[in-house]
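Raw contents of upload.cif, mmCIF, N, CA and C atoms and all ligand atoms:
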```
data_work
#
loop_
_atom_site.label_atom_id
_atom_site.label_comp_id
_atom_site.auth_asym_id
_atom_site.auth_seq_id
_atom_site.Cartn_x
_atom_site.Cartn_y
_atom_site.Cartn_z
N MET A 229 0.83 -1.20 0.00
CA MET A 229 0.00 0.00 0.00
C MET A 229 0.87 1.25 0.00
N ASN A 230 0.49 2.23 -0.80
CA ASN A 230 1.18 3.52 -0.84
C ASN A 230 0.26 4.62 -0.31
N ILE A 231 0.77 5.31 0.70
CA ILE A 231 -0.03 6.35 1.35
C ILE A 231 0.68 7.70 1.21
N LEU A 232 -0.09 8.72 0.90
CA LEU A 232 0.44 10.09 0.91
C LEU A 232 -0.12 10.82 2.13
N VAL A 233 0.78 11.31 2.98
CA VAL A 233 0.38 12.10 4.14
C VAL A 233 0.48 13.58 3.75
N ILE A 234 -0.61 14.30 3.92
CA ILE A 234 -0.60 15.74 3.63
C ILE A 234 -0.84 16.51 4.93
N ASN A 235 0.10 17.36 5.26
CA ASN A 235 -0.03 18.22 6.44
C ASN A 235 -0.27 19.65 5.99
N GLY A 236 -1.26 20.27 6.60
CA GLY A 236 -1.64 21.62 6.23
C GLY A 236 -0.91 22.70 7.01
N PRO A 237 -1.51 23.90 7.07
CA PRO A 237 -0.82 25.08 7.57
C PRO A 237 -0.36 24.97 9.02
N ASN A 238 0.84 25.49 9.22
CA ASN A 238 1.47 25.63 10.53
C ASN A 238 1.99 24.33 11.13
N LEU A 239 1.74 23.22 10.48
CA LEU A 239 2.24 21.95 11.04
C LEU A 239 3.77 21.85 10.93
N ASN A 240 4.35 22.65 10.03
CA ASN A 240 5.81 22.72 9.95
C ASN A 240 6.42 23.31 11.23
N LEU A 241 5.59 23.96 12.05
CA LEU A 241 6.10 24.59 13.29
C LEU A 241 5.98 23.69 14.51
N LEU A 242 5.64 22.44 14.28
CA LEU A 242 5.48 21.51 15.41
C LEU A 242 6.69 21.56 16.34
N GLY A 243 6.41 21.50 17.64
CA GLY A 243 7.49 21.55 18.63
C GLY A 243 7.72 22.96 19.12
N ARG A 244 7.52 23.93 18.23
CA ARG A 244 7.72 25.34 18.59
C ARG A 244 6.39 26.03 18.80
N ARG A 245 5.34 25.48 18.26
CA ARG A 245 4.03 26.13 18.28
C ARG A 245 3.15 25.47 19.35
N GLU A 246 2.74 26.23 20.34
CA GLU A 246 1.85 25.74 21.40
C GLU A 246 2.18 24.29 21.80
N PRO A 247 3.39 24.06 22.33
CA PRO A 247 3.79 22.68 22.65
C PRO A 247 2.89 22.02 23.68
N GLU A 248 2.23 22.83 24.52
CA GLU A 248 1.33 22.24 25.52
C GLU A 248 0.12 21.59 24.86
N ILE A 249 -0.17 22.00 23.63
CA ILE A 249 -1.29 21.40 22.89
C ILE A 249 -0.80 20.37 21.89
N TYR A 250 0.25 20.73 21.14
CA TYR A 250 0.66 19.87 20.02
C TYR A 250 1.88 19.00 20.33
N GLY A 251 2.47 19.18 21.52
CA GLY A 251 3.61 18.35 21.90
C GLY A 251 4.94 19.01 21.56
N ARG A 252 6.02 18.41 22.08
CA ARG A 252 7.36 18.99 21.93
C ARG A 252 8.11 18.42 20.74
N GLY A 253 7.58 17.36 20.14
CA GLY A 253 8.25 16.77 18.97
C GLY A 253 8.18 17.72 17.79
N SER A 254 9.25 17.80 17.02
CA SER A 254 9.29 18.69 15.86
C SER A 254 8.62 18.04 14.65
N TYR A 255 8.47 18.83 13.60
CA TYR A 255 7.91 18.27 12.36
C TYR A 255 8.82 17.17 11.80
N GLU A 256 10.12 17.39 11.92
CA GLU A 256 11.09 16.37 11.46
C GLU A 256 10.93 15.10 12.29
N ASP A 257 10.68 15.25 13.60
CA ASP A 257 10.45 14.07 14.46
C ASP A 257 9.21 13.31 13.99
N LEU A 258 8.16 14.06 13.66
CA LEU A 258 6.93 13.41 13.18
C LEU A 258 7.22 12.61 11.91
N CYS A 259 7.93 13.24 10.97
CA CYS A 259 8.21 12.56 9.69
C CYS A 259 9.06 11.32 9.92
N ALA A 260 10.08 11.42 10.79
CA ALA A 260 10.96 10.27 11.04
C ALA A 260 10.16 9.14 11.70
N PHE A 261 9.33 9.50 12.68
CA PHE A 261 8.49 8.50 13.36
C PHE A 261 7.60 7.76 12.35
N LEU A 262 6.98 8.52 11.47
CA LEU A 262 6.04 7.90 10.52
C LEU A 262 6.78 7.07 9.47
N GLN A 263 7.94 7.55 9.03
CA GLN A 263 8.69 6.77 8.04
C GLN A 263 9.13 5.44 8.64
N ASP A 264 9.61 5.45 9.88
CA ASP A 264 10.01 4.20 10.55
C ASP A 264 8.80 3.28 10.70
N TYR A 265 7.70 3.86 11.14
CA TYR A 265 6.49 3.08 11.39
C TYR A 265 6.01 2.39 10.11
N ALA A 266 6.02 3.15 9.03
CA ALA A 266 5.55 2.61 7.75
C ALA A 266 6.52 1.55 7.22
N LYS A 267 7.81 1.82 7.36
CA LYS A 267 8.82 0.89 6.83
C LYS A 267 8.69 -0.48 7.50
N GLU A 268 8.53 -0.46 8.83
CA GLU A 268 8.38 -1.74 9.57
C GLU A 268 7.17 -2.53 9.07
N ARG A 269 6.21 -1.82 8.53
CA ARG A 269 4.98 -2.49 8.07
C ARG A 269 4.95 -2.65 6.55
N HIS A 270 6.07 -2.39 5.92
CA HIS A 270 6.18 -2.52 4.45
C HIS A 270 5.13 -1.70 3.73
N CYS A 271 4.96 -0.49 4.24
CA CYS A 271 3.98 0.43 3.63
C CYS A 271 4.75 1.59 3.00
N GLY A 272 4.45 1.92 1.76
CA GLY A 272 5.08 3.08 1.13
C GLY A 272 4.46 4.36 1.67
N LEU A 273 5.30 5.30 2.06
CA LEU A 273 4.77 6.52 2.67
C LEU A 273 5.53 7.74 2.17
N GLU A 274 4.79 8.74 1.74
CA GLU A 274 5.38 10.03 1.38
C GLU A 274 4.68 11.07 2.25
N ILE A 275 5.43 12.08 2.69
CA ILE A 275 4.86 13.08 3.59
C ILE A 275 5.13 14.47 3.01
N LEU A 276 4.05 15.26 2.87
CA LEU A 276 4.17 16.61 2.32
C LEU A 276 3.53 17.61 3.29
N GLN A 277 3.99 18.84 3.22
CA GLN A 277 3.39 19.89 4.06
C GLN A 277 3.29 21.17 3.24
N THR A 278 2.17 21.86 3.42
CA THR A 278 2.00 23.17 2.77
C THR A 278 1.16 24.07 3.66
N ASN A 279 1.38 25.36 3.49
CA ASN A 279 0.54 26.33 4.20
C ASN A 279 -0.62 26.82 3.33
N HIS A 280 -0.78 26.23 2.13
CA HIS A 280 -1.72 26.77 1.15
C HIS A 280 -2.87 25.81 0.82
N GLU A 281 -4.07 26.34 0.89
CA GLU A 281 -5.28 25.54 0.65
C GLU A 281 -5.28 24.91 -0.75
N GLY A 282 -4.97 25.74 -1.77
CA GLY A 282 -5.02 25.24 -3.15
C GLY A 282 -4.00 24.14 -3.40
N THR A 283 -2.87 24.20 -2.70
CA THR A 283 -1.85 23.16 -2.88
C THR A 283 -2.36 21.82 -2.35
N ILE A 284 -3.08 21.87 -1.24
CA ILE A 284 -3.68 20.62 -0.71
C ILE A 284 -4.63 20.03 -1.76
N ILE A 285 -5.43 20.89 -2.35
CA ILE A 285 -6.39 20.44 -3.37
C ILE A 285 -5.65 19.87 -4.58
N ASP A 286 -4.59 20.56 -5.02
CA ASP A 286 -3.80 20.05 -6.16
C ASP A 286 -3.23 18.67 -5.85
N TRP A 287 -2.68 18.50 -4.65
CA TRP A 287 -2.08 17.19 -4.31
C TRP A 287 -3.14 16.10 -4.28
N LEU A 288 -4.32 16.41 -3.71
CA LEU A 288 -5.39 15.40 -3.69
C LEU A 288 -5.78 15.00 -5.11
N GLN A 289 -5.91 16.01 -5.97
CA GLN A 289 -6.31 15.71 -7.36
C GLN A 289 -5.21 14.99 -8.12
N ASP A 290 -4.00 15.52 -8.03
CA ASP A 290 -2.92 15.03 -8.90
C ASP A 290 -2.36 13.69 -8.47
N ARG A 291 -2.47 13.38 -7.18
CA ARG A 291 -1.82 12.16 -6.69
C ARG A 291 -2.79 10.99 -6.51
N SER A 292 -4.04 11.19 -6.83
CA SER A 292 -5.01 10.12 -6.55
C SER A 292 -4.80 8.88 -7.42
N GLU A 293 -4.13 9.05 -8.56
CA GLU A 293 -3.84 7.88 -9.40
C GLU A 293 -2.62 7.11 -8.88
N SER A 294 -1.72 7.82 -8.21
CA SER A 294 -0.43 7.20 -7.85
C SER A 294 -0.37 6.70 -6.41
N VAL A 295 -1.38 6.97 -5.59
CA VAL A 295 -1.39 6.44 -4.22
C VAL A 295 -2.70 5.69 -3.97
N ASP A 296 -2.66 4.85 -2.92
CA ASP A 296 -3.86 4.08 -2.58
C ASP A 296 -4.76 4.83 -1.61
N ALA A 297 -4.16 5.72 -0.84
CA ALA A 297 -4.94 6.41 0.20
C ALA A 297 -4.20 7.67 0.65
N PHE A 298 -4.95 8.56 1.28
CA PHE A 298 -4.37 9.78 1.84
C PHE A 298 -4.63 9.84 3.34
N ILE A 299 -3.65 10.38 4.06
CA ILE A 299 -3.86 10.79 5.45
C ILE A 299 -3.70 12.30 5.44
N LEU A 300 -4.71 13.00 5.94
CA LEU A 300 -4.73 14.46 5.83
C LEU A 300 -4.92 15.11 7.20
N ASN A 301 -3.94 15.94 7.59
CA ASN A 301 -4.17 16.85 8.71
C ASN A 301 -4.34 18.24 8.10
N PRO A 302 -5.58 18.69 7.97
CA PRO A 302 -5.84 19.94 7.24
C PRO A 302 -5.57 21.20 8.07
N GLY A 303 -5.11 21.03 9.34
CA GLY A 303 -4.92 22.21 10.20
C GLY A 303 -6.23 22.97 10.32
N ALA A 304 -6.14 24.29 10.35
CA ALA A 304 -7.35 25.10 10.55
C ALA A 304 -8.33 25.03 9.38
N PHE A 305 -7.87 24.57 8.21
CA PHE A 305 -8.82 24.40 7.07
C PHE A 305 -9.93 23.42 7.42
N THR A 306 -9.65 22.53 8.37
CA THR A 306 -10.65 21.57 8.85
C THR A 306 -11.99 22.23 9.12
N HIS A 307 -11.90 23.45 9.66
CA HIS A 307 -13.09 24.04 10.25
C HIS A 307 -13.92 24.86 9.26
N TYR A 308 -13.34 25.12 8.06
CA TYR A 308 -14.13 25.98 7.15
C TYR A 308 -13.89 25.78 5.66
N SER A 309 -13.03 24.83 5.27
CA SER A 309 -12.72 24.76 3.84
C SER A 309 -13.68 23.85 3.06
N TYR A 310 -14.68 24.48 2.46
CA TYR A 310 -15.58 23.70 1.60
C TYR A 310 -14.87 23.30 0.30
N ALA A 311 -13.82 24.04 -0.06
CA ALA A 311 -13.07 23.67 -1.27
C ALA A 311 -12.32 22.36 -1.06
N ILE A 312 -11.72 22.19 0.13
CA ILE A 312 -11.05 20.91 0.41
C ILE A 312 -12.10 19.80 0.55
N ARG A 313 -13.21 20.13 1.15
CA ARG A 313 -14.30 19.15 1.25
C ARG A 313 -14.71 18.64 -0.15
N ASP A 314 -14.90 19.55 -1.08
CA ASP A 314 -15.28 19.15 -2.45
C ASP A 314 -14.20 18.29 -3.09
N ALA A 315 -12.93 18.64 -2.84
CA ALA A 315 -11.83 17.87 -3.43
C ALA A 315 -11.81 16.45 -2.87
N ILE A 316 -12.01 16.32 -1.56
CA ILE A 316 -12.02 14.98 -0.94
C ILE A 316 -13.14 14.14 -1.56
N LYS A 317 -14.30 14.78 -1.73
CA LYS A 317 -15.44 14.06 -2.33
C LYS A 317 -15.14 13.60 -3.74
N ALA A 318 -14.32 14.38 -4.45
CA ALA A 318 -14.06 14.10 -5.87
C ALA A 318 -12.98 13.04 -6.08
N VAL A 319 -12.11 12.80 -5.08
CA VAL A 319 -11.03 11.84 -5.32
C VAL A 319 -11.47 10.42 -5.01
N PRO A 320 -11.11 9.49 -5.90
CA PRO A 320 -11.58 8.11 -5.74
C PRO A 320 -10.67 7.30 -4.80
N ARG A 321 -10.20 7.91 -3.73
CA ARG A 321 -9.32 7.24 -2.76
C ARG A 321 -9.76 7.61 -1.35
N PRO A 322 -9.60 6.68 -0.41
CA PRO A 322 -9.97 7.04 0.97
C PRO A 322 -9.05 8.12 1.54
N VAL A 323 -9.65 9.04 2.25
CA VAL A 323 -8.90 10.10 2.95
C VAL A 323 -9.21 9.96 4.44
N VAL A 324 -8.16 9.76 5.25
CA VAL A 324 -8.35 9.72 6.70
C VAL A 324 -7.95 11.08 7.27
N GLU A 325 -8.87 11.71 7.98
CA GLU A 325 -8.61 13.01 8.61
C GLU A 325 -7.97 12.77 9.97
N VAL A 326 -6.81 13.39 10.21
CA VAL A 326 -6.15 13.21 11.51
C VAL A 326 -5.86 14.57 12.15
N HIS A 327 -5.84 14.55 13.47
CA HIS A 327 -5.45 15.72 14.26
C HIS A 327 -4.62 15.28 15.44
N LEU A 328 -3.61 16.07 15.75
CA LEU A 328 -2.79 15.80 16.93
C LEU A 328 -3.60 16.00 18.20
N SER A 329 -4.36 17.09 18.25
CA SER A 329 -5.11 17.44 19.46
C SER A 329 -6.53 16.89 19.38
N ASP A 330 -7.19 16.91 20.56
CA ASP A 330 -8.57 16.44 20.62
C ASP A 330 -9.50 17.64 20.42
N LEU A 331 -10.03 17.76 19.21
CA LEU A 331 -10.83 18.93 18.86
C LEU A 331 -12.08 19.06 19.73
N SER A 332 -12.57 17.95 20.24
CA SER A 332 -13.81 18.00 21.03
C SER A 332 -13.58 18.69 22.38
N GLN A 333 -12.31 18.85 22.76
CA GLN A 333 -12.00 19.48 24.05
C GLN A 333 -11.48 20.90 23.88
N ARG A 334 -11.57 21.44 22.67
CA ARG A 334 -10.96 22.76 22.42
C ARG A 334 -12.03 23.83 22.15
N GLU A 335 -11.61 24.97 21.59
CA GLU A 335 -12.54 26.08 21.39
C GLU A 335 -13.72 25.63 20.51
N PRO A 336 -14.90 26.24 20.71
CA PRO A 336 -16.07 25.82 19.94
C PRO A 336 -15.83 25.79 18.43
N PHE A 337 -15.08 26.74 17.87
CA PHE A 337 -14.91 26.73 16.41
C PHE A 337 -14.12 25.52 15.93
N ARG A 338 -13.30 24.94 16.83
CA ARG A 338 -12.52 23.76 16.42
C ARG A 338 -13.31 22.46 16.53
N ARG A 339 -14.45 22.53 17.21
CA ARG A 339 -15.24 21.29 17.39
C ARG A 339 -15.97 20.91 16.12
N VAL A 340 -16.00 21.83 15.16
CA VAL A 340 -16.68 21.56 13.88
C VAL A 340 -15.64 21.18 12.82
N SER A 341 -15.84 20.02 12.21
CA SER A 341 -15.06 19.68 11.01
C SER A 341 -16.01 19.63 9.84
N VAL A 342 -15.75 20.46 8.84
CA VAL A 342 -16.59 20.42 7.64
C VAL A 342 -16.14 19.30 6.70
N LEU A 343 -15.11 18.57 7.10
CA LEU A 343 -14.55 17.50 6.26
C LEU A 343 -14.93 16.11 6.75
N LYS A 344 -15.27 16.01 8.04
CA LYS A 344 -15.41 14.69 8.67
C LYS A 344 -16.31 13.73 7.89
N ASP A 345 -17.46 14.19 7.48
CA ASP A 345 -18.40 13.25 6.89
C ASP A 345 -18.07 12.87 5.44
N VAL A 346 -17.09 13.54 4.83
CA VAL A 346 -16.66 13.07 3.49
C VAL A 346 -15.35 12.28 3.57
N CYS A 347 -14.78 12.21 4.78
CA CYS A 347 -13.56 11.40 4.96
C CYS A 347 -13.96 9.97 5.33
N ALA A 348 -13.04 9.03 5.02
CA ALA A 348 -13.33 7.63 5.32
C ALA A 348 -13.30 7.37 6.82
N HIS A 349 -12.52 8.18 7.54
CA HIS A 349 -12.34 7.95 8.97
C HIS A 349 -11.73 9.20 9.57
N GLN A 350 -11.89 9.37 10.89
CA GLN A 350 -11.27 10.51 11.58
C GLN A 350 -10.61 10.02 12.87
N ILE A 351 -9.37 10.43 13.09
CA ILE A 351 -8.65 10.05 14.32
C ILE A 351 -8.05 11.32 14.91
N MET A 352 -8.26 11.55 16.21
CA MET A 352 -7.72 12.79 16.79
C MET A 352 -7.35 12.60 18.25
N GLY A 353 -6.51 13.53 18.73
CA GLY A 353 -6.22 13.58 20.16
C GLY A 353 -5.12 12.65 20.61
N LYS A 354 -4.38 12.05 19.70
CA LYS A 354 -3.38 11.06 20.08
C LYS A 354 -1.96 11.47 19.69
N GLY A 355 -1.77 12.74 19.41
CA GLY A 355 -0.43 13.19 19.02
C GLY A 355 0.03 12.48 17.75
N PHE A 356 1.32 12.12 17.71
CA PHE A 356 1.86 11.44 16.52
C PHE A 356 1.08 10.14 16.24
N GLN A 357 0.58 9.53 17.31
CA GLN A 357 -0.14 8.25 17.12
C GLN A 357 -1.44 8.39 16.35
N SER A 358 -1.97 9.60 16.25
CA SER A 358 -3.16 9.77 15.40
C SER A 358 -2.81 9.33 13.97
N TYR A 359 -1.59 9.66 13.55
CA TYR A 359 -1.16 9.31 12.19
C TYR A 359 -0.86 7.81 12.08
N SER A 360 -0.17 7.25 13.09
CA SER A 360 0.18 5.83 12.97
C SER A 360 -1.08 4.96 13.04
N GLU A 361 -2.05 5.40 13.83
CA GLU A 361 -3.32 4.66 13.84
C GLU A 361 -4.03 4.75 12.49
N ALA A 362 -3.87 5.87 11.83
CA ALA A 362 -4.47 6.02 10.48
C ALA A 362 -3.80 5.04 9.51
N ILE A 363 -2.47 4.88 9.63
CA ILE A 363 -1.77 3.90 8.77
C ILE A 363 -2.33 2.51 9.05
N ASP A 364 -2.44 2.16 10.35
CA ASP A 364 -2.97 0.83 10.72
C ASP A 364 -4.37 0.63 10.16
N TRP A 365 -5.19 1.65 10.30
CA TRP A 365 -6.58 1.55 9.87
C TRP A 365 -6.66 1.31 8.36
N LEU A 366 -5.83 2.03 7.62
CA LEU A 366 -5.82 1.85 6.15
C LEU A 366 -5.26 0.50 5.77
N MET A 367 -4.20 0.07 6.50
CA MET A 367 -3.56 -1.20 6.12
C MET A 367 -4.40 -2.42 6.44
N LYS A 368 -5.24 -2.29 7.45
CA LYS A 368 -6.08 -3.45 7.75
C LYS A 368 -7.31 -3.49 6.85
N GLY A 369 -7.34 -2.61 5.87
CA GLY A 369 -8.39 -2.68 4.85
C GLY A 369 -9.63 -1.93 5.25
N GLN A 370 -9.48 -0.99 6.18
CA GLN A 370 -10.54 -0.05 6.63
C GLN A 370 -11.61 -0.76 7.41
C1 LIG A 401 -4.91 20.52 14.24
C2 LIG A 401 -6.11 21.20 14.92
C3 LIG A 401 -6.53 22.45 14.17
O1 LIG A 401 -7.64 23.06 14.82
C4 LIG A 401 -5.39 23.44 14.13
O2 LIG A 401 -5.75 24.57 13.38
C5 LIG A 401 -4.13 22.84 13.64
C6 LIG A 401 -3.76 21.49 14.07
C7 LIG A 401 -4.39 19.32 15.05
O3 LIG A 401 -3.61 18.55 14.49
O4 LIG A 401 -4.72 19.16 16.23
O5 LIG A 401 -3.36 23.48 12.92
O6 LIG A 401 -5.33 20.05 12.97
#
```
What is this file in C-alpha cells?
Ligand code: DQA
Amino acid sequence: MNILVINGPNLNLLGRREPEIYGRGSYEDLCAFLQDYAKERHCGLEILQTNHEGTIIDWLQDRSESVDAFILNPGAFTHYSYAIRDAIKAVPRPVVEVHLSDLSQREPFRRVSVLKDVCAHQIMGKGFQSYSEAIDWLMKGQ
C-alpha cells in the first residue's frame, strides 16, 4: 500500500508552536516516526506539508492515481474549507482526517469539522499516534 500524508498550515512549526497542545516533537520528528512506522509495516509513505489551501487540493487531485490512500491533517482548514471538502469528495481514494489534538476538548470553532463526513475515517487527540493509527486503519483494509 502507498499512502500520501498531507499536512496543512502551521504543522511545519510543530514543537515550537503551542507545545502544551501539540507536543514537543518537531515536524522532522513526526516525519521520522512515521517513516520508521511505515517501513516496519512494508507500507510506502510520502509526507508533504503546505501552508496553502489550493496546494492541498492540487495534491489530492494530482496524486489520486499514484497512491492508494491519503492521510490528511488539514490544520485550521478543517473548520471551514468547503473547497477541500469538495476535493475529498471528488477523489476516488480514501482520505483519513487526523489531528494531533482532541478537537472535542478545544474552542467551539474547532469542534466543527466540515470535512469529517466526506472522509473515510477521523482520528484525533493522540499526538503522533493519530497518524500511525491512520496507517494501521488503512492497512487493515478499513
Ligand atoms: C490541528 C487542529 C486544528 O484546529 C489546528 O488549526 C491545527 C492542528 C491538530 O492537528 O490538532 O493546525 O489540525
Nearest to Tyr310 in chain A: which of A:Val323, A:Leu331, A:Val342, A:Leu288 is it, counting all atoms listed in the file?
A:Val342
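Considering all atoms listed in the file, every residue of the polymer chains approaching ligand LIG 401 (chain A) to 6.5 Å or closer is listed here: Gly236, Pro237, Asn238, Leu239, Asn301, Pro302, Gly303, Ala304, Phe305, Val326, His327, Leu328, Ser329, Asp330, Leu331, Arg338 and Gly353 of chain A.
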Go ahead and save the residues from that selection, with N, CA and C atoms, as a short mmCIF file (atom, residue, chain, number, x, y, z; two decimals), keeping the file's coordinate frame.
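The new file out_16.cif reads:
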```
data_model
loop_
_atom_site.label_atom_id
_atom_site.label_comp_id
_atom_site.auth_asym_id
_atom_site.auth_seq_id
_atom_site.Cartn_x
_atom_site.Cartn_y
_atom_site.Cartn_z
N GLY A 236 -1.26 20.27 6.60
CA GLY A 236 -1.64 21.62 6.23
C GLY A 236 -0.91 22.70 7.01
N PRO A 237 -1.51 23.90 7.07
CA PRO A 237 -0.82 25.08 7.57
C PRO A 237 -0.36 24.97 9.02
N ASN A 238 0.84 25.49 9.22
CA ASN A 238 1.47 25.63 10.53
C ASN A 238 1.99 24.33 11.13
N LEU A 239 1.74 23.22 10.48
CA LEU A 239 2.24 21.95 11.04
C LEU A 239 3.77 21.85 10.93
N ASN A 301 -3.94 15.94 7.59
CA ASN A 301 -4.17 16.85 8.71
C ASN A 301 -4.34 18.24 8.10
N PRO A 302 -5.58 18.69 7.97
CA PRO A 302 -5.84 19.94 7.24
C PRO A 302 -5.57 21.20 8.07
N GLY A 303 -5.11 21.03 9.34
CA GLY A 303 -4.92 22.21 10.20
C GLY A 303 -6.23 22.97 10.32
N ALA A 304 -6.14 24.29 10.35
CA ALA A 304 -7.35 25.10 10.55
C ALA A 304 -8.33 25.03 9.38
N PHE A 305 -7.87 24.57 8.21
CA PHE A 305 -8.82 24.40 7.07
C PHE A 305 -9.93 23.42 7.42
N VAL A 326 -6.81 13.39 10.21
CA VAL A 326 -6.15 13.21 11.51
C VAL A 326 -5.86 14.57 12.15
N HIS A 327 -5.84 14.55 13.47
CA HIS A 327 -5.45 15.72 14.26
C HIS A 327 -4.62 15.28 15.44
N LEU A 328 -3.61 16.07 15.75
CA LEU A 328 -2.79 15.80 16.93
C LEU A 328 -3.60 16.00 18.20
N SER A 329 -4.36 17.09 18.25
CA SER A 329 -5.11 17.44 19.46
C SER A 329 -6.53 16.89 19.38
N ASP A 330 -7.19 16.91 20.56
CA ASP A 330 -8.57 16.44 20.62
C ASP A 330 -9.50 17.64 20.42
N LEU A 331 -10.03 17.76 19.21
CA LEU A 331 -10.83 18.93 18.86
C LEU A 331 -12.08 19.06 19.73
N ARG A 338 -13.30 24.94 16.83
CA ARG A 338 -12.52 23.76 16.42
C ARG A 338 -13.31 22.46 16.53
N GLY A 353 -6.51 13.53 18.73
CA GLY A 353 -6.22 13.58 20.16
C GLY A 353 -5.12 12.65 20.61
#
```
Work out how far atom N of Thr306 in chain A is from CA of Asn279 in chain A, in Å to one decimal.
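A separation of 11.6 Å between them.
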Strand (DSSP E) residues, from DSSP on the backbone, in chain A, as a list in words:
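Here is the list: Asn230, Ile231, Leu232, Val233, Ile234, Asn235, Gly272, Leu273, Glu274, Ile275, Leu276, Gln277, Ala297, Phe298, Ile299, Leu300, Asn301, Val323, Val324, Glu325, Val326, His327, His349, Gln350, Ile351 and Met352 of chain A.
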Would you compute the distance between CA of Ser332 in chain A and CA of Asp314 in chain A? Give it in Å to one decimal.
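Interatomic distance here is 23.6 Å.
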Of the listed residues A:Pro322, A:Ala260, A:Arg334, A:Lys368, that which approaches Ile299 in chain A most closely, counting all atoms listed in the file
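Of A:Pro322, A:Ala260, A:Arg334, A:Lys368, the one nearest Ile299 in chain A is A:Pro322, counting all atoms listed in the file.
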In Å, how far is it from atom C of Trp365 in chain A to CA of His349 in chain A?
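Value for the atom C of Trp365 in chain A-CA of His349 in chain A distance: 8.8 Å.
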From the options A:Asp364, A:Gly355, A:Asp290, A:Ala297, which residue's atoms come nearest to Tyr255 in chain A, counting only C-alpha atoms?
A:Gly355
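With only C-alpha atoms as the atoms that count, the residue of A:Gly272, A:Gly282, A:Gly251, A:Gly243 with the shortest distance to Ile231 in chain A is A:Gly272.
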Within 7 Å of Leu343 in chain A, counting all atoms listed in the file, which residues qualify if same-chain residues fewer than 6 places away don't, as a PDB file with N, CA and C atoms, keeping the file's coordinate frame?
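Output below, filename out-v3.pdb:
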```
ATOM      1  N   THR A 306      -9.650  22.530   8.370  1.00  0.00           N
ATOM      2  CA  THR A 306     -10.650  21.570   8.850  1.00  0.00           C
ATOM      3  C   THR A 306     -11.990  22.230   9.120  1.00  0.00           C
ATOM      4  N   HIS A 307     -11.900  23.450   9.660  1.00  0.00           N
ATOM      5  CA  HIS A 307     -13.090  24.040  10.250  1.00  0.00           C
ATOM      6  C   HIS A 307     -13.920  24.860   9.260  1.00  0.00           C
ATOM      7  N   TYR A 308     -13.340  25.120   8.060  1.00  0.00           N
ATOM      8  CA  TYR A 308     -14.130  25.980   7.150  1.00  0.00           C
ATOM      9  C   TYR A 308     -13.890  25.780   5.660  1.00  0.00           C
ATOM     10  N   SER A 309     -13.030  24.830   5.270  1.00  0.00           N
ATOM     11  CA  SER A 309     -12.720  24.760   3.840  1.00  0.00           C
ATOM     12  C   SER A 309     -13.680  23.850   3.060  1.00  0.00           C
ATOM     13  N   ILE A 312     -11.720  22.190   0.130  1.00  0.00           N
ATOM     14  CA  ILE A 312     -11.050  20.910   0.410  1.00  0.00           C
ATOM     15  C   ILE A 312     -12.100  19.800   0.550  1.00  0.00           C
ATOM     16  N   ARG A 313     -13.210  20.130   1.150  1.00  0.00           N
ATOM     17  CA  ARG A 313     -14.300  19.150   1.250  1.00  0.00           C
ATOM     18  C   ARG A 313     -14.710  18.640  -0.150  1.00  0.00           C
TER      19      ARG A 313
END
```
Shell around Phe356 in chain A at 7 Å using all atoms listed in the file, local window under 4 positions removed, as a ChimeraX atom specification
/A:258,328,360-361
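Nearest residue to Glu274 in chain A among A:Glu248, A:Ser294, A:Ile316, A:Asn230 is A:Asn230, counting all atoms listed in the file.
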For the helix (DSSP H, G or I) assignment from backbone DSSP, which residues of range 280-314 of chain A qualify? Please present them as a count of residues only.
21
Pick the closest to Glu281 in chain A from A:Ala315, A:Leu241, A:Val346, A:Ser341: which is it, counting only C-alpha atoms?
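Among A:Ala315, A:Leu241, A:Val346, A:Ser341, it is A:Ala315 that comes nearest to Glu281 in chain A.
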Long-range neighbours of Ala362 in chain A as a count of residues only, 7 Å cut-off, all atoms listed in the file, 4 positions minimum in chain:
7
Counting only N, CA and C atoms, which residues come within 5 Å of (-1.8, 12.5, 3.8), with the point read in the file's coordinates, and could you list them as a PyMOL selection string?
chain A and resi 232-234+298-300
Give, as lines of an AutoDock Vina configuration file, the centre coordinates and the x, y and z edge lengths in Å to one decimal for an axis-aligned box around all listed atoms of range 311-323 of chain A, padded by 6 Å on each side.
```
center_x = -12.2
center_y = 15.4
center_z = -0.8
size_x = 18.5
size_y = 29.4
size_z = 22.5
```
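Around Cys271 in chain A, within 6 Å and counting only C-alpha atoms, the residues found are Met229, Ala266 and Lys267 of chain A, once anything fewer than 3 positions away on its own chain is removed.
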Put those residues in a file: N, CA and C atoms, as a compact mmCIF listing (two decimals), in the coordinates of the input.
```txt
# COMPACT_ATOMS: atom_id res chain seq x y z
N MET A 229 0.83 -1.20 0.00
CA MET A 229 0.00 0.00 0.00
C MET A 229 0.87 1.25 0.00
N ALA A 266 6.02 3.15 9.03
CA ALA A 266 5.55 2.61 7.75
C ALA A 266 6.52 1.55 7.22
N LYS A 267 7.81 1.82 7.36
CA LYS A 267 8.82 0.89 6.83
C LYS A 267 8.69 -0.48 7.50
```
